[in-house]
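Coordinates from work.txt are shown below (compact mmCIF, C-alpha atoms).
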# COMPACT_ATOMS: atom_id res chain seq x y z
CA MET A 1 99.75 130.30 103.40
CA SER A 2 102.49 128.50 101.55
CA LYS A 3 101.80 125.73 99.13
CA GLN A 4 102.79 122.26 100.36
CA PRO A 5 106.09 121.28 98.72
CA PRO A 6 106.48 118.05 96.74
CA LEU A 7 107.78 115.14 98.77
CA ASP A 8 111.07 115.05 96.92
CA SER A 9 111.74 118.71 97.72
CA PRO A 10 112.81 119.32 101.32
CA GLU A 11 112.00 123.05 101.14
CA SER A 12 115.06 124.30 103.03
CA SER A 13 115.01 121.93 105.98
CA LEU A 14 112.24 121.56 108.55
CA SER A 15 109.62 124.24 108.28
CA THR A 16 108.06 125.87 111.34
CA THR A 17 104.94 126.84 109.48
CA GLY A 18 102.68 125.06 107.10
CA GLN A 19 99.24 124.55 105.70
CA PRO A 20 97.04 122.02 107.46
CA GLY A 21 94.97 119.85 105.21
CA ALA A 22 91.28 119.11 105.43
CA GLN A 23 89.85 117.16 108.35
CA PRO A 24 92.29 114.25 108.65
CA SER A 25 91.16 110.68 108.17
CA ARG A 26 91.93 108.42 111.12
CA ARG A 27 91.22 105.19 109.29
CA PHE A 28 94.93 104.33 109.56
CA CYS A 29 97.29 106.10 111.97
CA VAL A 30 100.83 105.74 113.26
CA ALA A 31 100.99 106.14 117.03
CA PRO A 32 102.97 108.86 118.81
CA MET A 33 106.15 107.23 120.15
CA MET A 34 108.83 108.95 122.21
CA ASP A 35 112.21 109.14 120.44
CA TRP A 36 110.74 107.39 117.40
CA THR A 37 108.12 109.53 115.66
CA THR A 38 110.57 112.37 115.13
CA PRO A 39 110.42 114.71 112.12
CA HIS A 40 112.96 112.49 110.34
CA TYR A 41 110.84 109.36 110.75
CA ARG A 42 107.67 111.22 109.81
CA TYR A 43 109.16 112.60 106.60
CA PHE A 44 110.17 109.07 105.60
CA ALA A 45 106.74 107.66 106.56
CA ARG A 46 105.04 110.25 104.37
CA LEU A 47 107.08 109.10 101.37
CA LEU A 48 105.52 105.66 101.87
CA SER A 49 101.91 106.73 102.46
CA ARG A 50 100.08 109.92 101.54
CA HIS A 51 97.03 109.20 103.68
CA THR A 52 98.29 107.73 106.96
CA LEU A 53 97.71 110.15 109.84
CA LEU A 54 101.03 110.76 111.58
CA TYR A 55 101.54 111.91 115.17
CA THR A 56 104.42 113.73 116.83
CA GLU A 57 106.12 112.48 119.93
CA MET A 58 104.36 113.65 123.07
CA VAL A 59 105.37 117.23 123.94
CA THR A 60 104.55 118.48 127.42
CA THR A 61 102.78 121.79 127.84
CA GLY A 62 105.53 122.95 130.19
CA ALA A 63 108.22 122.31 127.60
CA LEU A 64 106.27 124.21 124.95
CA ILE A 65 105.56 127.20 127.16
CA HIS A 66 108.90 127.49 128.92
CA GLY A 67 111.28 125.80 126.46
CA ASP A 68 112.33 126.11 122.84
CA THR A 69 108.92 126.27 121.19
CA GLU A 70 110.31 126.70 117.69
CA ARG A 71 112.46 123.59 117.95
CA LEU A 72 109.76 121.46 119.57
CA LEU A 73 107.11 122.32 116.96
CA ARG A 74 109.36 122.44 113.90
CA HIS A 75 108.21 120.14 111.11
CA ASN A 76 108.08 119.91 107.34
CA ALA A 77 104.85 120.75 105.54
CA ALA A 78 105.32 117.52 103.57
CA GLU A 79 104.41 115.60 106.74
CA TYR A 80 100.72 116.57 106.63
CA PRO A 81 98.32 115.28 107.76
CA LEU A 82 100.11 115.59 111.09
CA ALA A 83 98.76 115.67 114.65
CA LEU A 84 100.51 117.22 117.65
CA GLN A 85 100.27 115.19 120.85
CA LEU A 86 100.34 117.12 124.10
CA GLY A 87 101.03 115.98 127.64
CA GLY A 88 99.53 118.08 130.39
CA SER A 89 96.54 118.68 132.65
CA ASP A 90 96.33 122.41 133.36
CA PRO A 91 93.44 123.82 131.28
CA GLY A 92 95.09 127.17 130.69
CA GLU A 93 98.34 125.60 129.53
CA LEU A 94 96.51 123.11 127.32
CA ALA A 95 94.51 125.92 125.73
CA HIS A 96 97.68 127.92 125.06
CA CYS A 97 99.38 124.92 123.45
CA ALA A 98 96.30 124.10 121.39
CA ARG A 99 96.49 127.61 119.94
CA LEU A 100 100.17 127.00 119.17
CA ALA A 101 99.23 123.78 117.36
CA GLU A 102 96.90 125.73 115.10
CA GLN A 103 99.42 128.54 114.63
CA TYR A 104 102.10 126.07 113.53
CA GLY A 105 99.87 124.35 111.01
CA PHE A 106 99.11 120.99 112.62
CA SER A 107 96.05 119.02 111.49
CA GLU A 108 94.90 117.89 114.95
CA VAL A 109 95.82 118.30 118.60
CA ASN A 110 95.75 115.18 120.77
CA LEU A 111 95.87 114.82 124.55
CA ASN A 112 97.92 111.96 126.03
CA ILE A 113 96.03 110.04 128.73
CA GLY A 114 98.00 106.83 128.22
CA CYS A 115 101.67 107.27 129.18
CA PRO A 116 102.37 105.26 132.37
CA SER A 117 105.88 106.46 133.29
CA ASP A 118 106.61 107.63 136.84
CA ARG A 119 108.09 110.89 135.58
CA VAL A 120 104.91 112.08 133.90
CA GLN A 121 102.67 110.79 136.71
CA ASN A 122 104.41 113.15 139.12
CA ASN A 123 103.35 116.05 136.88
CA MET A 124 99.77 114.82 136.41
CA ILE A 125 100.36 113.80 132.82
CA GLY A 126 99.39 110.62 131.00
CA ALA A 127 97.57 107.52 132.19
CA CYS A 128 97.21 108.68 135.80
CA LEU A 129 94.58 111.12 134.51
CA MET A 130 92.25 108.17 133.87
CA GLU A 131 91.55 108.53 137.61
CA HIS A 132 90.46 112.15 137.10
CA PRO A 133 87.92 112.28 134.25
CA ASP A 134 86.56 115.64 135.41
CA LYS A 135 90.02 117.18 135.15
CA VAL A 136 90.50 115.69 131.67
CA ALA A 137 87.12 117.05 130.63
CA GLU A 138 88.06 120.51 131.89
CA GLY A 139 91.29 120.44 129.88
CA VAL A 140 89.60 119.17 126.74
CA ARG A 141 86.91 121.85 126.97
CA ALA A 142 89.59 124.54 127.25
CA MET A 143 91.42 123.17 124.21
CA ILE A 144 88.26 123.02 122.12
CA GLU A 145 87.43 126.62 122.98
CA ALA A 146 90.97 127.71 122.06
CA THR A 147 91.29 126.21 118.58
CA HIS A 148 89.44 125.27 115.42
CA LEU A 149 91.52 122.08 115.16
CA PRO A 150 90.03 118.69 116.03
CA VAL A 151 90.81 117.90 119.68
CA THR A 152 91.22 114.18 120.36
CA VAL A 153 92.18 112.02 123.33
CA LYS A 154 94.41 108.93 123.40
CA HIS A 155 93.83 106.82 126.50
CA ARG A 156 93.95 103.36 128.04
CA ILE A 157 90.90 101.28 128.89
CA GLY A 158 91.78 101.86 132.53
CA ILE A 159 94.46 101.89 135.20
CA ASN A 160 95.06 99.54 138.10
CA GLY A 161 92.44 100.24 140.74
CA ARG A 162 90.16 101.87 138.19
CA GLU A 163 89.78 99.24 135.53
CA SER A 164 86.10 98.32 135.36
CA TRP A 165 83.85 98.77 132.34
CA GLU A 166 81.83 101.28 134.38
CA ASP A 167 84.99 103.32 135.08
CA LEU A 168 85.83 103.40 131.37
CA CYS A 169 82.33 104.52 130.44
CA GLU A 170 82.40 107.25 133.09
CA PHE A 171 85.63 108.56 131.54
CA VAL A 172 84.19 108.58 128.01
CA ASP A 173 80.88 110.08 129.20
CA LYS A 174 82.55 113.03 130.91
CA VAL A 175 85.18 113.74 128.25
CA SER A 176 82.68 113.49 125.39
CA ALA A 177 80.31 115.81 127.28
CA ALA A 178 83.16 118.35 127.19
CA GLY A 179 83.10 118.19 123.39
CA CYS A 180 85.60 115.47 122.47
CA ARG A 181 84.34 113.36 119.56
CA THR A 182 87.39 111.16 118.87
CA PHE A 183 88.80 108.62 121.32
CA ILE A 184 91.94 106.65 120.45
CA VAL A 185 91.84 103.66 122.76
CA HIS A 186 94.85 101.55 123.71
CA ALA A 187 93.10 98.28 124.55
CA ARG A 188 95.10 97.61 127.74
CA ILE A 189 95.00 99.01 131.23
CA ALA A 190 98.10 100.80 132.49
CA VAL A 191 99.67 99.48 135.70
CA LEU A 192 101.06 102.57 137.38
CA GLU A 193 103.10 100.80 140.06
CA GLY A 194 105.36 97.82 139.47
CA LEU A 195 105.58 97.81 135.66
CA SER A 196 107.92 99.83 133.47
CA PRO A 197 106.57 101.74 130.46
CA LYS A 198 107.95 98.96 128.24
CA GLU A 199 106.24 96.26 130.30
CA ASN A 200 103.01 98.27 130.17
CA ARG A 201 103.06 97.85 126.39
CA ASP A 202 103.08 94.06 126.64
CA ILE A 203 102.04 92.59 129.99
CA PRO A 204 98.50 93.88 130.66
CA PRO A 205 96.22 91.74 128.47
CA LEU A 206 94.62 93.23 125.39
CA LYS A 207 90.84 93.59 125.54
CA TYR A 208 89.86 94.48 122.00
CA ASN A 209 86.25 93.58 122.72
CA TRP A 210 86.04 96.49 125.16
CA VAL A 211 86.94 98.90 122.38
CA TYR A 212 84.37 97.27 120.12
CA GLN A 213 81.76 97.66 122.86
CA LEU A 214 82.64 101.34 123.24
CA LYS A 215 81.75 101.88 119.58
CA GLN A 216 78.48 100.02 120.09
CA LYS A 217 77.62 102.06 123.17
CA TYR A 218 78.70 105.40 121.64
CA PRO A 219 77.95 105.14 117.90
CA HIS A 220 78.08 108.94 117.56
CA LEU A 221 81.74 109.00 118.66
CA GLU A 222 84.78 108.17 116.53
CA ILE A 223 86.57 105.22 118.14
CA ILE A 224 90.09 104.32 117.00
CA ILE A 225 91.68 101.09 118.26
CA ASN A 226 95.33 100.76 119.28
CA GLY A 227 97.52 98.11 120.87
CA GLY A 228 99.42 95.09 119.54
CA ILE A 229 98.21 95.39 115.94
CA LYS A 230 100.73 94.07 113.40
CA THR A 231 99.09 92.97 110.14
CA PHE A 232 96.66 94.34 107.59
CA SER A 233 94.37 91.37 108.14
CA GLU A 234 94.14 92.34 111.81
CA CYS A 235 93.46 95.94 110.79
CA HIS A 236 90.60 94.93 108.51
CA GLU A 237 89.09 92.83 111.28
CA HIS A 238 89.23 95.74 113.72
CA LEU A 239 87.69 98.04 111.13
CA GLN A 240 84.60 95.86 111.16
CA HIS A 241 84.00 97.13 114.70
CA THR A 242 85.75 100.52 114.97
CA ASP A 243 86.33 103.65 112.89
CA GLY A 244 90.10 103.40 112.56
CA VAL A 245 93.27 101.61 113.57
CA MET A 246 96.51 102.94 115.06
CA LEU A 247 99.78 101.02 114.76
CA GLY A 248 102.91 101.78 116.73
CA ARG A 249 105.97 99.56 116.96
CA GLU A 250 105.18 97.53 113.84
CA ALA A 251 104.97 100.67 111.71
CA TYR A 252 108.32 101.79 113.06
CA HIS A 253 110.34 98.58 112.93
CA ASN A 254 108.83 97.53 109.60
CA PRO A 255 108.29 100.86 107.83
CA TRP A 256 107.71 99.23 104.44
CA LEU A 257 104.32 98.20 105.78
CA LEU A 258 103.23 101.80 105.23
CA ALA A 259 103.77 101.47 101.48
CA GLY A 260 100.72 99.23 101.36
CA VAL A 261 98.41 101.47 103.37
CA ASP A 262 97.06 103.71 100.61
CA PRO A 263 95.82 100.90 98.32
CA ALA A 264 94.66 98.71 101.23
CA PHE A 265 92.71 101.34 103.18
CA PHE A 266 92.17 104.40 100.99
CA ASN A 267 91.64 102.94 97.51
CA SER A 268 94.61 104.98 96.30
CA GLU A 269 97.84 104.14 94.52
CA THR A 270 100.98 103.70 96.59
CA PRO A 271 103.44 106.61 96.28
CA VAL A 272 106.43 104.26 95.81
CA THR A 273 106.78 100.84 94.24
CA SER A 274 110.03 99.60 95.80
CA ARG A 275 112.14 100.04 98.88
CA HIS A 276 115.03 101.24 96.72
CA GLU A 277 112.83 103.96 95.25
CA ALA A 278 111.68 105.02 98.71
CA LEU A 279 115.19 105.32 100.08
CA LYS A 280 116.47 107.26 97.08
CA ALA A 281 113.56 109.66 97.46
CA MET A 282 114.98 110.45 100.93
CA TYR A 283 118.36 111.57 99.57
CA PRO A 284 117.52 115.28 99.06
CA PHE A 285 116.00 115.48 102.53
CA ILE A 286 118.95 113.70 104.14
CA GLN A 287 121.37 116.05 102.42
CA SER A 288 119.40 119.11 103.47
CA GLU A 289 119.51 117.95 107.08
CA LEU A 290 123.23 117.24 106.89
CA ASP A 291 123.70 120.77 105.55
CA ARG A 292 121.93 122.04 108.67
CA GLY A 293 124.46 120.24 110.86
CA VAL A 294 122.30 117.24 111.79
CA PHE A 295 124.32 114.08 112.43
CA LEU A 296 123.65 111.34 109.88
CA GLY A 297 122.91 108.78 112.58
CA HIS A 298 120.01 110.87 113.89
CA ILE A 299 118.32 110.39 110.52
CA THR A 300 119.38 106.89 109.49
CA ARG A 301 118.35 105.22 112.74
CA HIS A 302 114.78 105.48 111.46
CA LEU A 303 115.63 103.71 108.20
CA LEU A 304 117.22 100.54 109.57
CA GLY A 305 114.09 98.39 109.24
CA LEU A 306 113.37 99.26 105.62
CA PHE A 307 114.95 96.11 104.17
CA HIS A 308 113.96 93.73 106.93
CA GLY A 309 113.76 90.19 105.59
CA MET A 310 115.29 91.04 102.22
CA PRO A 311 118.58 89.65 100.81
CA GLY A 312 121.25 92.07 101.95
CA GLY A 313 119.04 93.69 104.56
CA ARG A 314 121.31 92.69 107.41
CA GLN A 315 124.36 94.08 105.59
CA PHE A 316 122.42 97.29 104.96
CA ARG A 317 121.72 97.73 108.67
CA ARG A 318 125.24 96.80 109.68
CA HIS A 319 126.92 99.23 107.31
CA ILE A 320 124.77 102.13 108.50
CA SER A 321 125.13 101.18 112.17
CA GLU A 322 128.91 100.96 111.89
CA ASN A 323 129.43 104.12 109.87
CA ALA A 324 126.64 106.69 110.35
CA HIS A 325 128.00 107.82 113.71
CA LYS A 326 131.49 108.59 112.44
CA PRO A 327 132.59 112.24 112.21
CA GLY A 328 131.80 113.67 108.79
CA ALA A 329 129.57 110.75 107.77
CA GLY A 330 127.49 111.80 104.80
CA LEU A 331 125.01 110.60 102.23
CA GLU A 332 127.60 108.23 100.75
CA VAL A 333 127.12 105.97 103.80
CA VAL A 334 123.48 105.43 102.86
CA GLN A 335 124.30 104.99 99.17
CA THR A 336 126.93 102.35 99.93
CA ALA A 337 124.53 100.55 102.28
CA LEU A 338 121.88 100.50 99.57
CA ASP A 339 124.32 98.85 97.16
CA LYS A 340 124.42 95.87 99.52
CA VAL A 341 120.72 95.13 99.06
CA ARG A 342 119.72 92.99 96.11
CA LEU A 343 117.29 94.71 93.74
CA PRO A 344 113.82 93.16 93.77
CA ARG A 345 112.72 91.09 90.81
CA THR A 346 109.75 93.38 90.38
CA GLN A 347 109.33 97.08 91.05
CA THR A 348 105.88 96.54 92.53
CA GLU A 349 106.72 95.38 96.03
CA ALA A 350 104.26 97.58 97.86
CA ALA A 351 101.62 95.85 99.99
CA THR A 352 102.26 92.43 98.47
CA SER A 353 104.40 91.24 101.39
CA VAL A 354 102.31 92.78 104.16
Please go through the file and, once you have read it, give me the structure as structure tokens.
Amino acid sequence: MSKQPPLDSPESSLSTTGQPGAQPSRRFCVAPMMDWTTPHYRYFARLLSRHTLLYTEMVTTGALIHGDTERLLRHNAAEYPLALQLGGSDPGELAHCARLAEQYGFSEVNLNIGCPSDRVQNNMIGACLMEHPDKVAEGVRAMIEATHLPVTVKHRIGINGRESWEDLCEFVDKVSAAGCRTFIVHARIAVLEGLSPKENRDIPPLKYNWVYQLKQKYPHLEIIINGGIKTFSECHEHLQHTDGVMLGREAYHNPWLLAGVDPAFFNSETPVTSRHEALKAMYPFIQSELDRGVFLGHITRHLLGLFHGMPGGRQFRRHISENAHKPGAGLEVVQTALDKVRLPRTQTEAATSV
């Protein structure tokens, strides 16, 4: 297997093969988010934190089996540790895709039991499967038998009509009996009729205490908490009761938060000491993607929050937003945008503002 390249070396664009690391730590994770946790975002996130566990967007088993597998699973070895999230319910298809996850070098394969959209419900994918714990258990068992990778499940605490504590415990009992040892729990129910996916991320009330109680009831299982977490102080509080935390929107809109993760949660030095340093470290990767024919805007949309709250941050975002989409836009757009941001007084920004 190939040696993992240094972070400042893009290794000829996005690799389709790689070397998975050791068993990934789930102490701090970034959630899988459709259209957001793309390979471009993940490469940038890895520049900011060496230890955060990153997840792909959800990929359906049907798309992997019948679509462009190479494109859907392409990633850079610098992204490790990296988990592949699958959407599906057919045991045979899940097993096949779990084998693909191992073949392509991922560190973990995760099953989505949390997405509430109508489109995936119609295909028996996502949160609707909370109503069918036996079917989830069957799929998880097939995945475990098909791969040496850790197989994990990300789920809600319930769905409308099946939202009691007893229902949640039945789900965990059956899926853990199938061999799953890691449960990533979004501490809200999903309302499958009447709320949009966006509303499902905000309107159902958070019940963190239910996730805490799961860990108490199942001390032998790894329980990761997810949902509405924004600050490190909140993370440390949750870690008093669970094995790990998963952040979503906050880690995307405020990516600099990740620069504080390694010292705050892994007793390790931060890879970068300033936002300017982090962005400049992206230049070789950006150029390599441009050389492949990728539009600049597809990359830079993930960088817009880097200077949030800093002098010149608004001008940075505006310049990229107004210019990255233009034909022929290149690295000079990012360089000019960076010039609009005032240099920090100190080169040790990381974690101090989080």
**OP:** Excluding Glu170 (chain A) and any residue of its chain fewer than 3 positions from it, enumerate the residues within 12 Å of it, using all atoms listed in the file, and give them as a PyMOL selection string.
**Re:** chain A and resi 130-134+136-137+157-158+162-167+173-177+214
Subject >> Shortest interatomic distance to Tyr208 (chain A) - which of A:Arg188, A:Lys340, A:His66, A:Lys326, counting all atoms listed in the file >> reply: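 The shortest atom-to-atom distance to Tyr208 (chain A) comes from A:Arg188.
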Give me the box for region 196-205 of chain A as JSON, namely the centre and edge lengths in Å to one decimal of a box along x, y and z that holds every listed atom plus 8 Å on each side.
{"center_x": 102.1, "center_y": 96.7, "center_z": 129.9, "size_x": 27.7, "size_y": 26.0, "size_z": 23.1}
**OP:** Using only C-alpha atoms, pick whichever of A:Gln315, A:Asn267, A:Gln103, A:Ser49 has the shortest atom-to-atom distance to Glu70 (chain A).
**Re:**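 Looking only at the distances to Glu70 (chain A), the closest residue turns out to be A:Gln103.
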Subject >> Selected residue, from A:Gln287, A:Thr270, A:Asn76, A:Thr37, that lies nearest to His51 (chain A) when counting only C-alpha atoms >> reply: A:Thr270
**OP:** Rounded to one decimal place, report the CA of Asp90 (chain A)-CA of Cys29 (chain A) distance in Å.
**Re:**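 Separating CA of Asp90 (chain A) from CA of Cys29 (chain A) is a distance of 26.9 Å.
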**OP:** Using only C-alpha atoms, find the one residue out of A:Pro197, A:Gly126, A:Gly244, A:Pro32 that sits nearest to Thr182 (chain A).
**Re:**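 Among the listed residues, the smallest separation from Thr182 (chain A) belongs to A:Gly244.
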Original post:
Nearest to Leu94 (chain A) among A:Ser117, A:Ser233, A:Thr38, A:Thr60, with distances taken over all atoms listed in the file: which residue is it?
Top reply: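 Closest to Leu94 (chain A) of all the choices is A:Thr60.
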Subject >> Contacts of Arg99 (chain A) at 12 Å (all atoms listed in the file; same-chain gap of 2+ positions) as a PyMOL selection string >> reply: chain A and resi 61+64-65+84+86+92-97+101-106+108-109+142-151
Subject >> Nearest residue to Phe285 (chain A) from the set A:Leu331, A:Ala178, A:Gln213, A:Val191 (distances using all atoms listed in the file) >> reply: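 Between A:Leu331, A:Ala178, A:Gln213, A:Val191, the residue approaching Phe285 (chain A) most closely is A:Leu331.
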Subject >> Contacts of region 219-223 of chain A within 8 Å, all atoms listed in the file, excl. fewer than 5 positions in-chain, as a PyMOL selection string >> reply: chain A and resi 181-185+211+214+242-244
**OP:** Could you jot down the CA of Gln240 (chain A) to CA of Tyr212 (chain A) separation for me, Å, one decimal place?
**Re:** 9.1 Å
Subject >> Close residues, Trp256 (chain A) itself excluded, 12 Å, all atoms listed in the file, min 3 positions apart in chain, as a ChimeraX atom specification >> reply: /A:44-49,250-253,259-261,270-279,302-310,349-354
Dump C-alpha atoms for the selected residues as a compact mmCIF listing (two decimals), keeping the file's coordinate frame?
# COMPACT_ATOMS: atom_id res chain seq x y z
CA PHE A 44 110.17 109.07 105.60
CA ALA A 45 106.74 107.66 106.56
CA ARG A 46 105.04 110.25 104.37
CA LEU A 47 107.08 109.10 101.37
CA LEU A 48 105.52 105.66 101.87
CA SER A 49 101.91 106.73 102.46
CA GLU A 250 105.18 97.53 113.84
CA ALA A 251 104.97 100.67 111.71
CA TYR A 252 108.32 101.79 113.06
CA HIS A 253 110.34 98.58 112.93
CA ALA A 259 103.77 101.47 101.48
CA GLY A 260 100.72 99.23 101.36
CA VAL A 261 98.41 101.47 103.37
CA THR A 270 100.98 103.70 96.59
CA PRO A 271 103.44 106.61 96.28
CA VAL A 272 106.43 104.26 95.81
CA THR A 273 106.78 100.84 94.24
CA SER A 274 110.03 99.60 95.80
CA ARG A 275 112.14 100.04 98.88
CA HIS A 276 115.03 101.24 96.72
CA GLU A 277 112.83 103.96 95.25
CA ALA A 278 111.68 105.02 98.71
CA LEU A 279 115.19 105.32 100.08
CA HIS A 302 114.78 105.48 111.46
CA LEU A 303 115.63 103.71 108.20
CA LEU A 304 117.22 100.54 109.57
CA GLY A 305 114.09 98.39 109.24
CA LEU A 306 113.37 99.26 105.62
CA PHE A 307 114.95 96.11 104.17
CA HIS A 308 113.96 93.73 106.93
CA GLY A 309 113.76 90.19 105.59
CA MET A 310 115.29 91.04 102.22
CA GLU A 349 106.72 95.38 96.03
CA ALA A 350 104.26 97.58 97.86
CA ALA A 351 101.62 95.85 99.99
CA THR A 352 102.26 92.43 98.47
CA SER A 353 104.40 91.24 101.39
CA VAL A 354 102.31 92.78 104.16
**OP:** Between CA of Tyr41 (chain A) and CA of His298 (chain A), measure the distance and give it in Å to one decimal.
**Re:** 9.8 Å
**OP:** Enumerate, as a list of chain:residue names, the protein, DNA and RNA residues whose atoms approach (104.1, 92.5, 121.2) to within 9 Å, taking into account all atoms listed in the file and the coordinate frame of the file.
**Re:**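 Looking at atoms near the point gives A:Arg201, A:Asp202, A:Gly227, A:Gly228, A:Ile229, A:Lys230, A:Arg249, A:Glu250.
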